[in-house]
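Colleague: Provided below: query_38.cif, containing mmCIF, C-alpha atoms and all ligand atoms.
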```cif
data_structure
#
loop_
_atom_site.group_PDB
_atom_site.id
_atom_site.type_symbol
_atom_site.label_atom_id
_atom_site.label_comp_id
_atom_site.auth_asym_id
_atom_site.auth_seq_id
_atom_site.Cartn_x
_atom_site.Cartn_y
_atom_site.Cartn_z
ATOM 1 C CA MET A 160 11.345 15.210 11.110
ATOM 2 C CA LYS A 161 8.919 13.935 13.742
ATOM 3 C CA SER A 162 7.441 10.445 13.641
ATOM 4 C CA HIS A 163 3.672 10.134 13.437
ATOM 5 C CA VAL A 164 1.057 7.511 14.222
ATOM 6 C CA LEU A 165 -2.283 6.863 12.577
ATOM 7 C CA GLY A 166 -5.613 5.744 13.960
ATOM 8 C CA ILE A 167 -8.128 4.641 11.350
ATOM 9 C CA ASP A 168 -11.771 3.939 12.168
ATOM 10 C CA PHE A 169 -13.208 2.037 9.221
ATOM 11 C CA GLY A 170 -16.859 2.450 10.125
ATOM 12 C CA SER A 171 -19.959 1.066 8.491
ATOM 13 C CA THR A 172 -20.918 4.398 6.967
ATOM 14 C CA THR A 173 -17.952 6.727 7.451
ATOM 15 C CA ALA A 174 -14.171 6.475 7.599
ATOM 16 C CA LYS A 175 -12.310 8.471 10.211
ATOM 17 C CA VAL A 176 -8.564 9.110 10.429
ATOM 18 C CA VAL A 177 -6.588 10.757 13.231
ATOM 19 C CA ILE A 178 -2.878 11.547 13.007
ATOM 20 C CA LEU A 179 -0.842 12.179 16.162
ATOM 21 C CA ASP A 180 2.761 13.286 16.270
ATOM 22 C CA GLU A 181 5.259 11.493 18.508
ATOM 23 C CA ASP A 182 4.496 13.955 21.329
ATOM 24 C CA GLY A 183 0.827 12.975 21.257
ATOM 25 C CA ASN A 184 -0.446 16.154 19.602
ATOM 26 C CA THR A 185 -3.358 15.711 17.209
ATOM 27 C CA VAL A 186 -2.054 17.100 13.935
ATOM 28 C CA ALA A 187 -4.974 16.055 11.731
ATOM 29 C CA SER A 188 -8.381 14.448 11.795
ATOM 30 C CA CYS A 189 -10.651 13.735 8.880
ATOM 31 C CA VAL A 190 -14.061 12.141 8.370
ATOM 32 C CA SER A 191 -15.121 10.877 4.993
ATOM 33 C CA GLN A 192 -18.780 10.154 4.268
ATOM 34 C CA LYS A 193 -19.119 7.590 1.532
ATOM 35 C CA GLY A 194 -22.515 6.101 2.274
ATOM 36 C CA ALA A 195 -21.229 2.575 2.909
ATOM 37 C CA VAL A 196 -18.130 0.906 4.254
ATOM 38 C CA SER A 197 -15.496 1.153 1.478
ATOM 39 C CA ASP A 198 -11.783 1.367 0.765
ATOM 40 C CA GLU A 199 -12.521 4.501 -1.165
ATOM 41 C CA GLY A 200 -13.875 6.166 1.975
ATOM 42 C CA VAL A 201 -10.744 5.257 3.908
ATOM 43 C CA ARG A 202 -8.509 6.548 1.110
ATOM 44 C CA ALA A 203 -10.430 9.834 1.054
ATOM 45 C CA ALA A 204 -10.089 10.237 4.833
ATOM 46 C CA LEU A 205 -6.361 9.399 4.634
ATOM 47 C CA ARG A 206 -5.803 11.925 1.841
ATOM 48 C CA GLY A 207 -7.653 14.608 3.816
ATOM 49 C CA ALA A 208 -5.706 13.905 6.995
ATOM 50 C CA PHE A 209 -2.295 13.822 5.258
ATOM 51 C CA GLU A 210 -3.072 17.098 3.544
ATOM 52 C CA GLN A 211 -4.024 18.715 6.876
ATOM 53 C CA ALA A 212 -0.912 17.380 8.592
ATOM 54 C CA GLY A 213 1.391 18.239 5.671
ATOM 55 C CA ILE A 214 2.969 14.764 5.740
ATOM 56 C CA ASN A 215 2.699 11.539 3.792
ATOM 57 C CA LEU A 216 2.673 7.861 4.738
ATOM 58 C CA SER A 217 6.483 7.744 4.947
ATOM 59 C CA ALA A 218 6.297 9.842 8.142
ATOM 60 C CA VAL A 219 3.956 7.311 9.789
ATOM 61 C CA VAL A 220 5.564 4.649 11.955
ATOM 62 C CA ARG A 221 2.563 2.895 13.551
ATOM 63 C CA VAL A 222 -1.007 2.334 12.370
ATOM 64 C CA VAL A 223 -3.890 0.909 14.402
ATOM 65 C CA SER A 224 -7.242 0.279 12.763
ATOM 66 C CA THR A 225 -10.624 -0.121 14.388
ATOM 67 C CA GLY A 226 -14.281 -0.240 13.383
ATOM 68 C CA TYR A 227 -16.442 -2.524 11.359
ATOM 69 C CA GLY A 228 -13.900 -2.916 8.517
ATOM 70 C CA ARG A 229 -10.772 -2.838 10.677
ATOM 71 C CA ARG A 230 -9.418 -6.113 9.330
ATOM 72 C CA MET A 231 -9.644 -4.954 5.740
ATOM 73 C CA LEU A 232 -6.681 -2.570 5.959
ATOM 74 C CA ASP A 233 -3.239 -3.798 4.892
ATOM 75 C CA ILE A 234 -1.449 -0.774 6.296
ATOM 76 C CA ALA A 235 -2.548 -1.475 9.878
ATOM 77 C CA ASP A 236 0.060 -2.889 12.274
ATOM 78 C CA ARG A 237 -2.778 -4.188 14.404
ATOM 79 C CA THR A 238 -6.508 -4.002 14.930
ATOM 80 C CA ILE A 239 -8.411 -3.148 18.097
ATOM 81 C CA THR A 240 -12.189 -3.302 18.507
ATOM 82 C CA GLU A 241 -14.220 -0.136 18.237
ATOM 83 C CA ILE A 242 -15.515 -0.759 21.776
ATOM 84 C CA THR A 243 -12.023 -0.457 23.259
ATOM 85 C CA CYS A 244 -11.063 2.392 20.928
ATOM 86 C CA HIS A 245 -14.186 4.438 21.679
ATOM 87 C CA ALA A 246 -13.564 3.888 25.379
ATOM 88 C CA ARG A 247 -9.980 5.110 25.034
ATOM 89 C CA GLY A 248 -10.878 8.035 22.770
ATOM 90 C CA ALA A 249 -13.802 9.149 24.930
ATOM 91 C CA ARG A 250 -11.640 9.057 28.033
ATOM 92 C CA ALA A 251 -8.944 11.125 26.287
ATOM 93 C CA LEU A 252 -11.560 13.715 25.350
ATOM 94 C CA VAL A 253 -13.362 13.612 28.721
ATOM 95 C CA PRO A 254 -11.043 12.166 31.409
ATOM 96 C CA GLU A 255 -13.831 11.731 33.982
ATOM 97 C CA ALA A 256 -16.101 9.709 31.616
ATOM 98 C CA ARG A 257 -17.657 6.561 33.156
ATOM 99 C CA LEU A 258 -20.143 5.646 30.458
ATOM 100 C CA VAL A 259 -19.795 5.999 26.690
ATOM 101 C CA ILE A 260 -22.792 5.982 24.374
ATOM 102 C CA ASP A 261 -21.583 5.499 20.817
ATOM 103 C CA ILE A 262 -24.305 5.719 18.197
ATOM 104 C CA GLY A 263 -22.961 5.178 14.715
ATOM 105 C CA GLY A 264 -24.377 4.398 11.307
ATOM 106 C CA GLN A 265 -25.236 0.735 11.772
ATOM 107 C CA ASP A 266 -24.963 0.003 15.444
ATOM 108 C CA SER A 267 -25.110 1.569 18.848
ATOM 109 C CA LYS A 268 -23.096 0.671 21.894
ATOM 110 C CA VAL A 269 -23.093 1.553 25.544
ATOM 111 C CA ILE A 270 -19.758 1.032 27.250
ATOM 112 C CA ALA A 271 -19.239 1.189 31.011
ATOM 113 C CA LEU A 272 -15.718 2.192 32.049
ATOM 114 C CA ASP A 273 -13.964 1.369 35.280
ATOM 115 C CA ARG A 274 -12.065 3.990 37.270
ATOM 116 C CA ASN A 275 -9.004 3.482 35.089
ATOM 117 C CA GLY A 276 -10.941 3.908 31.878
ATOM 118 C CA LEU A 277 -10.881 0.223 30.946
ATOM 119 C CA VAL A 278 -13.960 -1.422 29.464
ATOM 120 C CA ALA A 279 -15.933 -3.003 32.304
ATOM 121 C CA ARG A 280 -19.103 -3.940 30.416
ATOM 122 C CA PHE A 281 -20.785 -3.183 27.147
ATOM 123 C CA ALA A 282 -24.058 -3.765 25.359
ATOM 124 C CA MET A 283 -24.701 -3.300 21.709
ATOM 125 C CA ASN A 284 -27.455 -3.213 19.192
ATOM 126 C CA ASP A 285 -26.115 -4.459 15.909
ATOM 127 C CA ARG A 286 -27.345 -5.824 12.569
ATOM 128 C CA CYS A 287 -30.551 -3.965 13.088
ATOM 129 C CA ALA A 288 -31.126 -0.312 12.276
ATOM 130 C CA ALA A 289 -33.337 0.357 15.323
ATOM 131 C CA GLY A 290 -31.654 2.859 17.595
ATOM 132 C CA THR A 291 -28.886 3.679 15.108
ATOM 133 C CA GLY A 292 -27.927 6.432 12.685
ATOM 134 C CA LYS A 293 -29.387 4.327 9.885
ATOM 135 C CA PHE A 294 -32.832 4.532 11.514
ATOM 136 C CA LEU A 295 -32.481 8.333 11.507
ATOM 137 C CA GLU A 296 -31.271 8.373 7.895
ATOM 138 C CA VAL A 297 -34.182 6.237 6.655
ATOM 139 C CA LEU A 298 -36.759 8.354 8.461
ATOM 140 C CA ALA A 299 -35.174 11.683 7.434
ATOM 141 C CA ARG A 300 -35.594 10.507 3.855
ATOM 142 C CA ALA A 301 -39.185 9.430 4.531
ATOM 143 C CA VAL A 302 -40.125 12.936 5.679
ATOM 144 C CA ASN A 303 -37.911 14.551 3.039
ATOM 145 C CA VAL A 304 -35.615 16.415 5.435
ATOM 146 C CA GLU A 305 -31.808 16.576 5.137
ATOM 147 C CA LEU A 306 -29.948 14.542 7.749
ATOM 148 C CA ASP A 307 -28.077 17.663 8.897
ATOM 149 C CA ASP A 308 -31.378 19.495 9.499
ATOM 150 C CA MET A 309 -33.484 16.745 11.053
ATOM 151 C CA GLY A 310 -32.387 17.451 14.627
ATOM 152 C CA ALA A 311 -33.191 21.166 14.437
ATOM 153 C CA GLU A 312 -36.543 20.410 12.784
ATOM 154 C CA ALA A 313 -37.481 17.903 15.506
ATOM 155 C CA LEU A 314 -36.729 20.448 18.221
ATOM 156 C CA LYS A 315 -39.275 22.869 16.706
ATOM 157 C CA ALA A 316 -42.116 20.479 17.608
ATOM 158 C CA GLU A 317 -44.316 21.321 20.575
ATOM 159 C CA GLU A 318 -45.554 17.759 20.876
ATOM 160 C CA THR A 319 -44.406 14.336 19.771
ATOM 161 C CA VAL A 320 -46.100 11.315 18.297
ATOM 162 C CA ALA A 321 -45.132 7.783 19.235
ATOM 163 C CA ILE A 322 -43.354 5.777 16.555
ATOM 164 C CA THR A 323 -44.170 2.286 17.687
ATOM 165 C CA SER A 324 -42.197 0.221 15.145
ATOM 166 C CA MET A 325 -38.619 -0.359 16.154
ATOM 167 C CA CYS A 326 -37.634 -1.818 12.807
ATOM 168 C CA ALA A 327 -36.604 0.993 10.398
ATOM 169 C CA THR A 328 -38.550 -0.570 7.530
ATOM 170 C CA PHE A 329 -41.799 -0.739 9.507
ATOM 171 C CA ALA A 330 -41.165 2.680 11.054
ATOM 172 C CA GLU A 331 -40.839 4.119 7.548
ATOM 173 C CA THR A 332 -44.306 2.808 6.669
ATOM 174 C CA GLU A 333 -45.638 4.208 9.949
ATOM 175 C CA VAL A 334 -44.130 7.620 9.216
ATOM 176 C CA ILE A 335 -45.620 7.666 5.714
ATOM 177 C CA SER A 336 -49.060 6.934 7.235
ATOM 178 C CA LEU A 337 -48.608 9.724 9.781
ATOM 179 C CA LEU A 338 -47.705 12.158 6.980
ATOM 180 C CA ALA A 339 -50.809 11.030 5.068
ATOM 181 C CA GLU A 340 -52.900 11.766 8.197
ATOM 182 C CA GLY A 341 -51.524 15.307 8.071
ATOM 183 C CA ARG A 342 -49.230 15.136 11.121
ATOM 184 C CA PRO A 343 -46.530 17.827 10.848
ATOM 185 C CA LYS A 344 -43.010 16.693 9.907
ATOM 186 C CA GLN A 345 -41.539 18.260 13.034
ATOM 187 C CA VAL A 346 -43.855 16.298 15.311
ATOM 188 C CA ILE A 347 -43.048 13.058 13.486
ATOM 189 C CA LEU A 348 -39.326 13.790 13.703
ATOM 190 C CA ALA A 349 -39.630 14.445 17.429
ATOM 191 C CA GLY A 350 -41.213 10.977 17.720
ATOM 192 C CA VAL A 351 -38.405 9.447 15.654
ATOM 193 C CA HIS A 352 -35.781 10.899 18.008
ATOM 194 C CA GLN A 353 -37.753 9.825 21.030
ATOM 195 C CA SER A 354 -37.738 6.304 19.648
ATOM 196 C CA ILE A 355 -33.931 6.359 19.305
ATOM 197 C CA ALA A 356 -33.701 7.695 22.854
ATOM 198 C CA SER A 357 -35.860 4.945 24.319
ATOM 199 C CA ARG A 358 -33.885 2.227 22.517
ATOM 200 C CA THR A 359 -30.682 3.676 23.892
ATOM 201 C CA VAL A 360 -32.088 3.924 27.411
ATOM 202 C CA GLY A 361 -32.761 0.185 27.143
ATOM 203 C CA LEU A 362 -29.094 -0.425 26.318
ATOM 204 C CA VAL A 363 -27.952 1.833 29.158
ATOM 205 C CA GLY A 364 -30.169 -0.137 31.541
ATOM 206 C CA ARG A 365 -28.312 -3.293 30.573
ATOM 207 C CA VAL A 366 -24.876 -2.033 31.572
ATOM 208 C CA GLY A 367 -25.964 0.352 34.339
ATOM 209 C CA LYS A 368 -26.089 4.125 34.322
ATOM 210 C CA HIS A 369 -22.886 5.780 35.511
ATOM 211 C CA ASP A 370 -22.328 9.512 35.256
ATOM 212 C CA PRO A 371 -20.591 11.307 33.643
ATOM 213 C CA ILE A 372 -21.912 10.049 30.326
ATOM 214 C CA VAL A 373 -20.110 10.914 27.103
ATOM 215 C CA MET A 374 -21.678 10.511 23.707
ATOM 216 C CA THR A 375 -19.489 9.571 20.746
ATOM 217 C CA GLY A 376 -20.212 8.577 17.142
ATOM 218 C CA GLY A 377 -21.828 10.498 14.318
ATOM 219 C CA VAL A 378 -25.274 10.720 15.929
ATOM 220 C CA ALA A 379 -23.765 12.920 18.671
ATOM 221 C CA GLN A 380 -23.955 15.660 16.004
ATOM 222 C CA ASN A 381 -27.729 15.403 15.952
ATOM 223 C CA ILE A 382 -29.003 17.936 18.487
ATOM 224 C CA ALA A 383 -32.410 16.308 18.873
ATOM 225 C CA ALA A 384 -30.887 12.866 19.491
ATOM 226 C CA VAL A 385 -28.781 14.431 22.249
ATOM 227 C CA HIS A 386 -31.755 16.370 23.633
ATOM 228 C CA PHE A 387 -34.195 13.458 23.795
ATOM 229 C CA LEU A 388 -31.608 11.019 25.077
ATOM 230 C CA GLY A 389 -30.448 13.412 27.812
ATOM 231 C CA LYS A 390 -34.078 13.938 28.815
ATOM 232 C CA ALA A 391 -34.832 10.217 28.872
ATOM 233 C CA LEU A 392 -31.739 9.498 30.972
ATOM 234 C CA GLU A 393 -32.398 12.537 33.174
ATOM 235 C CA THR A 394 -28.832 13.644 32.789
ATOM 236 C CA ARG A 395 -26.705 16.085 30.834
ATOM 237 C CA LEU A 396 -24.780 14.222 28.179
ATOM 238 C CA ILE A 397 -21.269 15.424 27.455
ATOM 239 C CA ILE A 398 -20.640 15.850 23.728
ATOM 240 C CA PRO A 399 -16.937 16.430 23.202
ATOM 241 C CA THR A 400 -15.622 18.249 20.169
ATOM 242 C CA GLY A 401 -14.556 15.415 17.911
ATOM 243 C CA ALA A 402 -17.225 12.978 19.163
ATOM 244 C CA GLN A 403 -17.376 11.312 15.743
ATOM 245 C CA ILE A 404 -13.603 10.721 15.624
ATOM 246 C CA ALA A 405 -13.357 9.306 19.169
ATOM 247 C CA GLY A 406 -12.765 5.746 17.898
ATOM 248 C CA ALA A 407 -10.014 6.847 15.500
ATOM 249 C CA LEU A 408 -8.451 8.914 18.279
ATOM 250 C CA GLY A 409 -8.480 5.879 20.568
ATOM 251 C CA ALA A 410 -6.827 3.812 17.822
ATOM 252 C CA ALA A 411 -4.167 6.501 17.308
ATOM 253 C CA LEU A 412 -3.464 6.594 21.062
ATOM 254 C CA PHE A 413 -2.903 2.816 21.050
ATOM 255 C CA ALA A 414 -0.549 3.283 18.093
ATOM 256 C CA LEU A 415 1.300 5.908 20.140
ATOM 257 C CA ASP A 416 1.593 3.485 23.085
ATOM 258 C CA ASP A 417 3.110 0.937 20.688
ATOM 259 C CA LEU A 418 5.564 3.502 19.361
ATOM 260 C CA ARG A 419 6.642 4.586 22.825
ATOM 261 C CA SER A 420 7.104 1.077 24.118
ATOM 262 C CA ALA A 421 8.546 -0.163 20.801
ATOM 263 C CA SER A 422 6.140 -3.109 20.994
ATOM 264 C CA LYS A 423 2.435 -3.831 20.974
ATOM 265 C CA VAL A 424 1.046 -2.761 24.328
ATOM 266 C CA LYS A 425 -1.328 -5.446 25.489
ATOM 267 C CA ARG A 426 -4.840 -4.462 26.511
ATOM 268 C CA ASP A 427 -6.354 -7.246 28.564
ATOM 269 C CA ASP A 428 -9.820 -5.796 28.220
ATOM 270 C CA ASP A 429 -9.705 -5.848 24.420
ATOM 271 C CA ASP A 430 -9.115 -9.599 24.178
ATOM 272 C CA ALA A 431 -12.296 -10.175 26.164
ATOM 273 C CA VAL A 432 -14.166 -7.531 24.169
ATOM 274 C CA GLU A 433 -13.045 -9.027 20.860
ATOM 275 C CA GLY A 434 -14.260 -12.513 21.805
ATOM 276 C CA LYS A 435 -17.656 -11.278 22.941
ATOM 277 C CA LEU A 436 -18.044 -9.013 19.944
ATOM 278 C CA GLU A 437 -17.430 -11.945 17.589
ATOM 279 C CA GLN A 438 -20.080 -13.959 19.427
ATOM 280 C CA LEU A 439 -22.626 -11.165 19.201
ATOM 281 C CA LEU A 440 -21.965 -10.548 15.519
ATOM 282 C CA ALA A 441 -22.247 -14.238 14.734
ATOM 283 C CA ASP A 442 -25.744 -14.454 16.232
ATOM 284 C CA PRO A 443 -28.040 -15.097 13.251
ATOM 285 C CA GLN A 444 -31.055 -13.963 15.279
ATOM 286 C CA ARG A 445 -29.841 -10.412 15.685
ATOM 287 C CA CYS A 446 -31.978 -8.929 12.936
ATOM 288 C CA THR A 447 -35.607 -9.982 12.986
ATOM 289 C CA PRO A 448 -38.793 -7.941 12.715
ATOM 290 C CA ALA A 449 -39.211 -8.456 16.466
ATOM 291 C CA CYS A 450 -35.702 -7.239 17.101
ATOM 292 C CA GLY A 451 -36.510 -5.028 20.081
ATOM 293 C CA LYS A 452 -35.259 -7.452 22.679
ATOM 294 C CA LYS A 453 -32.062 -8.593 21.076
ATOM 295 C CA GLU A 454 -29.347 -6.707 22.927
ATOM 296 C CA THR A 455 -27.256 -8.873 25.163
ATOM 297 C CA PRO A 456 -25.267 -7.308 27.997
ATOM 298 C CA VAL A 457 -21.692 -8.490 28.246
ATOM 299 C CA THR A 458 -19.909 -8.266 31.554
ATOM 300 C CA PHE A 459 -16.185 -8.648 32.099
ATOM 301 C CA LYS A 460 -15.831 -7.712 35.711
ATOM 302 C CA ALA A 461 -17.938 -8.148 38.780
HETATM 303 P P1 LIG B 501 -19.936 4.528 11.650
HETATM 304 O O1 LIG B 501 -18.703 4.674 12.511
HETATM 305 O O2 LIG B 501 -20.831 3.415 12.067
HETATM 306 O O3 LIG B 501 -19.623 4.529 10.203
HETATM 307 P P2 LIG B 501 -20.585 7.244 12.499
HETATM 308 O O4 LIG B 501 -20.206 7.159 13.921
HETATM 309 O O5 LIG B 501 -19.706 8.040 11.612
HETATM 310 O O6 LIG B 501 -20.837 5.809 11.876
HETATM 311 O O7 LIG B 501 -22.067 7.823 12.437
HETATM 312 C C1 LIG B 501 -22.811 7.904 11.237
HETATM 313 C C2 LIG B 501 -24.182 8.439 11.578
HETATM 314 O O8 LIG B 501 -24.037 9.743 12.138
HETATM 315 C C3 LIG B 501 -25.092 8.622 10.390
HETATM 316 O O9 LIG B 501 -25.882 7.469 10.179
HETATM 317 C C4 LIG B 501 -25.950 9.812 10.778
HETATM 318 O O10 LIG B 501 -27.157 9.382 11.411
HETATM 319 C C5 LIG B 501 -25.132 10.550 11.820
HETATM 320 N N1 LIG B 501 -24.604 11.843 11.328
HETATM 321 C C6 LIG B 501 -23.439 12.036 10.690
HETATM 322 N N2 LIG B 501 -23.272 13.344 10.404
HETATM 323 C C7 LIG B 501 -24.349 13.975 10.897
HETATM 324 C C8 LIG B 501 -24.783 15.339 10.930
HETATM 325 N N3 LIG B 501 -24.062 16.311 10.400
HETATM 326 N N4 LIG B 501 -25.956 15.619 11.542
HETATM 327 C C9 LIG B 501 -26.704 14.645 12.086
HETATM 328 N N5 LIG B 501 -26.358 13.351 12.083
HETATM 329 C C10 LIG B 501 -25.206 13.014 11.500
#
```
Before anything else, please render the file you have as structure tokens.
Ligand code: ADP
Modeller:
Amino acid sequence: MKSHVLGIDFGSTTAKVVILDEDGNTVASCVSQKGAVSDEGVRAALRGAFEQAGINLSAVVRVVSTGYGRRMLDIADRTITEITCHARGARALVPEARLVIDIGGQDSKVIALDRNGLVARFAMNDRCAAGTGKFLEVLARAVNVELDDMGAEALKAEETVAITSMCATFAETEVISLLAEGRPKQVILAGVHQSIASRTVGLVGRVGKHDPIVMTGGVAQNIAAVHFLGKALETRLIIPTGAQIAGALGAALFALDDLRSASKVKRDDDDAVEGKLEQLLADPQRCTPACGKKETPVTFKA
């Protein structure tokens, strides 16, 4: 029987699991939506992936975890940041990628890659819903549209309205006022997506725009987010199949490296990423009502 490796992305809103066999073939991938970071979500994604692959944990020889809750998993042999894992996963899906835009449930990141696919720089917007999937979720609820439909609805609009509040809580109030004024839902939703796009353009500006640009994370499934962001960046974004599982795929590929070399393959870039990520997450100022100017670019290489 073949050996297998697992990549687990314990995200803030979803859990993602990718299983590779020892030849590097993806034999299963599963996303579990549980609303908030939880063990239960990870267990559900693991069950789904094992069922797809037709194996159980005894066939798994290496596990790498990533994501917001990566340190909460006992079964992981090691943890790697989601920055490094998204970079690796995106590059596996799109080998020519030079910039990765990962918009997830609670944060968004822009990662510049060097020619070899290593992380050169990144910027992130964290502990604040502005520019993240959470912002979209809150405002979908405010206009009473399902998350899955909000992108298609926004693209029906022939005009947009500016949503000036970057904070999701204030934007929600703004949206409710716009609805009360009789503005159509579609037009408001177009404005909501435009707001996400302009936040993300700000992050891209901090690391530098390098084509080709790949989008990963759950928000890559939102067609209006992709449309407005592509328009704002004046480029065609590449959305690979499996954009949402890119981080878990990256983690699984690191697990495969470990298996093949029979030891933990060192990634110099991840040590630097990990240190900077800790610093950014420890910043108590990251979530304030005036949060618009909080992203800090982090550079590793000249
Ligand atoms: P994390 O890794 O932070 O848990 P994900 O990368 O899985 O988050 O992204 C979650 C976000 O993706 C949600 O907040 C939501 O905005 C978006 N999303 C997930 N599924 C869909 C969908 N089917 N259509 C539109 N947006 C989606």
Colleague: Kindly compile the residues surrounding ligand LIG 501 (chain B) within 7 Å, counting all atoms listed in the file, and format them as a list in words.
Modeller: Asp168, Phe169, Gly170, Ser171, Thr172, Thr173, Ala174, Gly226, Ile262, Gly263, Gly264, Gln265, Asp266, Thr291, Gly292, Lys293, Leu295, Glu296, Leu306, Asp307, Asp308, Gly310, Gly376, Gly377, Val378, Gln380, Asn381 and Gln403 of chain A
Colleague: What lies within 8 Å of A:Ala384 using all atoms listed in the file, ignoring chain neighbours under 3 positions off, as a ChimeraX atom specification?
Modeller: /A:310,352-353,355-356,378-379,381,387-388
Colleague: Which residue gives the smallest distance to A:Arg365 among A:Thr332, A:Asn303, A:Ser324, A:Asn284, with all atoms listed in the file counted?
Modeller: A:Asn284
Colleague: When the PyMOL selection byres (((chain A and resi 189) around 8) and not hetatm) is applied to the file above, which residues end up in the set, as a PDB file with C-alpha atoms, in the coordinates of the input?
Modeller:
```pdb
ATOM      1  CA  LYS A 175     -12.310   8.471  10.211  1.00  0.00           C
ATOM      2  CA  VAL A 176      -8.564   9.110  10.429  1.00  0.00           C
ATOM      3  CA  VAL A 177      -6.588  10.757  13.231  1.00  0.00           C
ATOM      4  CA  ALA A 187      -4.974  16.055  11.731  1.00  0.00           C
ATOM      5  CA  SER A 188      -8.381  14.448  11.795  1.00  0.00           C
ATOM      6  CA  VAL A 190     -14.061  12.141   8.370  1.00  0.00           C
ATOM      7  CA  SER A 191     -15.121  10.877   4.993  1.00  0.00           C
ATOM      8  CA  ALA A 204     -10.089  10.237   4.833  1.00  0.00           C
ATOM      9  CA  LEU A 205      -6.361   9.399   4.634  1.00  0.00           C
ATOM     10  CA  GLY A 207      -7.653  14.608   3.816  1.00  0.00           C
ATOM     11  CA  ALA A 208      -5.706  13.905   6.995  1.00  0.00           C
ATOM     12  CA  ILE A 404     -13.603  10.721  15.624  1.00  0.00           C
TER      13      ILE A 404
END
```
Colleague: Would you kindly identify which residues have an atom no farther than 12 Å from (-30.3, 2.9, 26.9), using all atoms listed in the file and the file's own coordinates, and write them out as a ChimeraX atom specification?
Modeller: /A:258-262,267-271,281-284,290-291,353-369,372,374,387-393,454,456
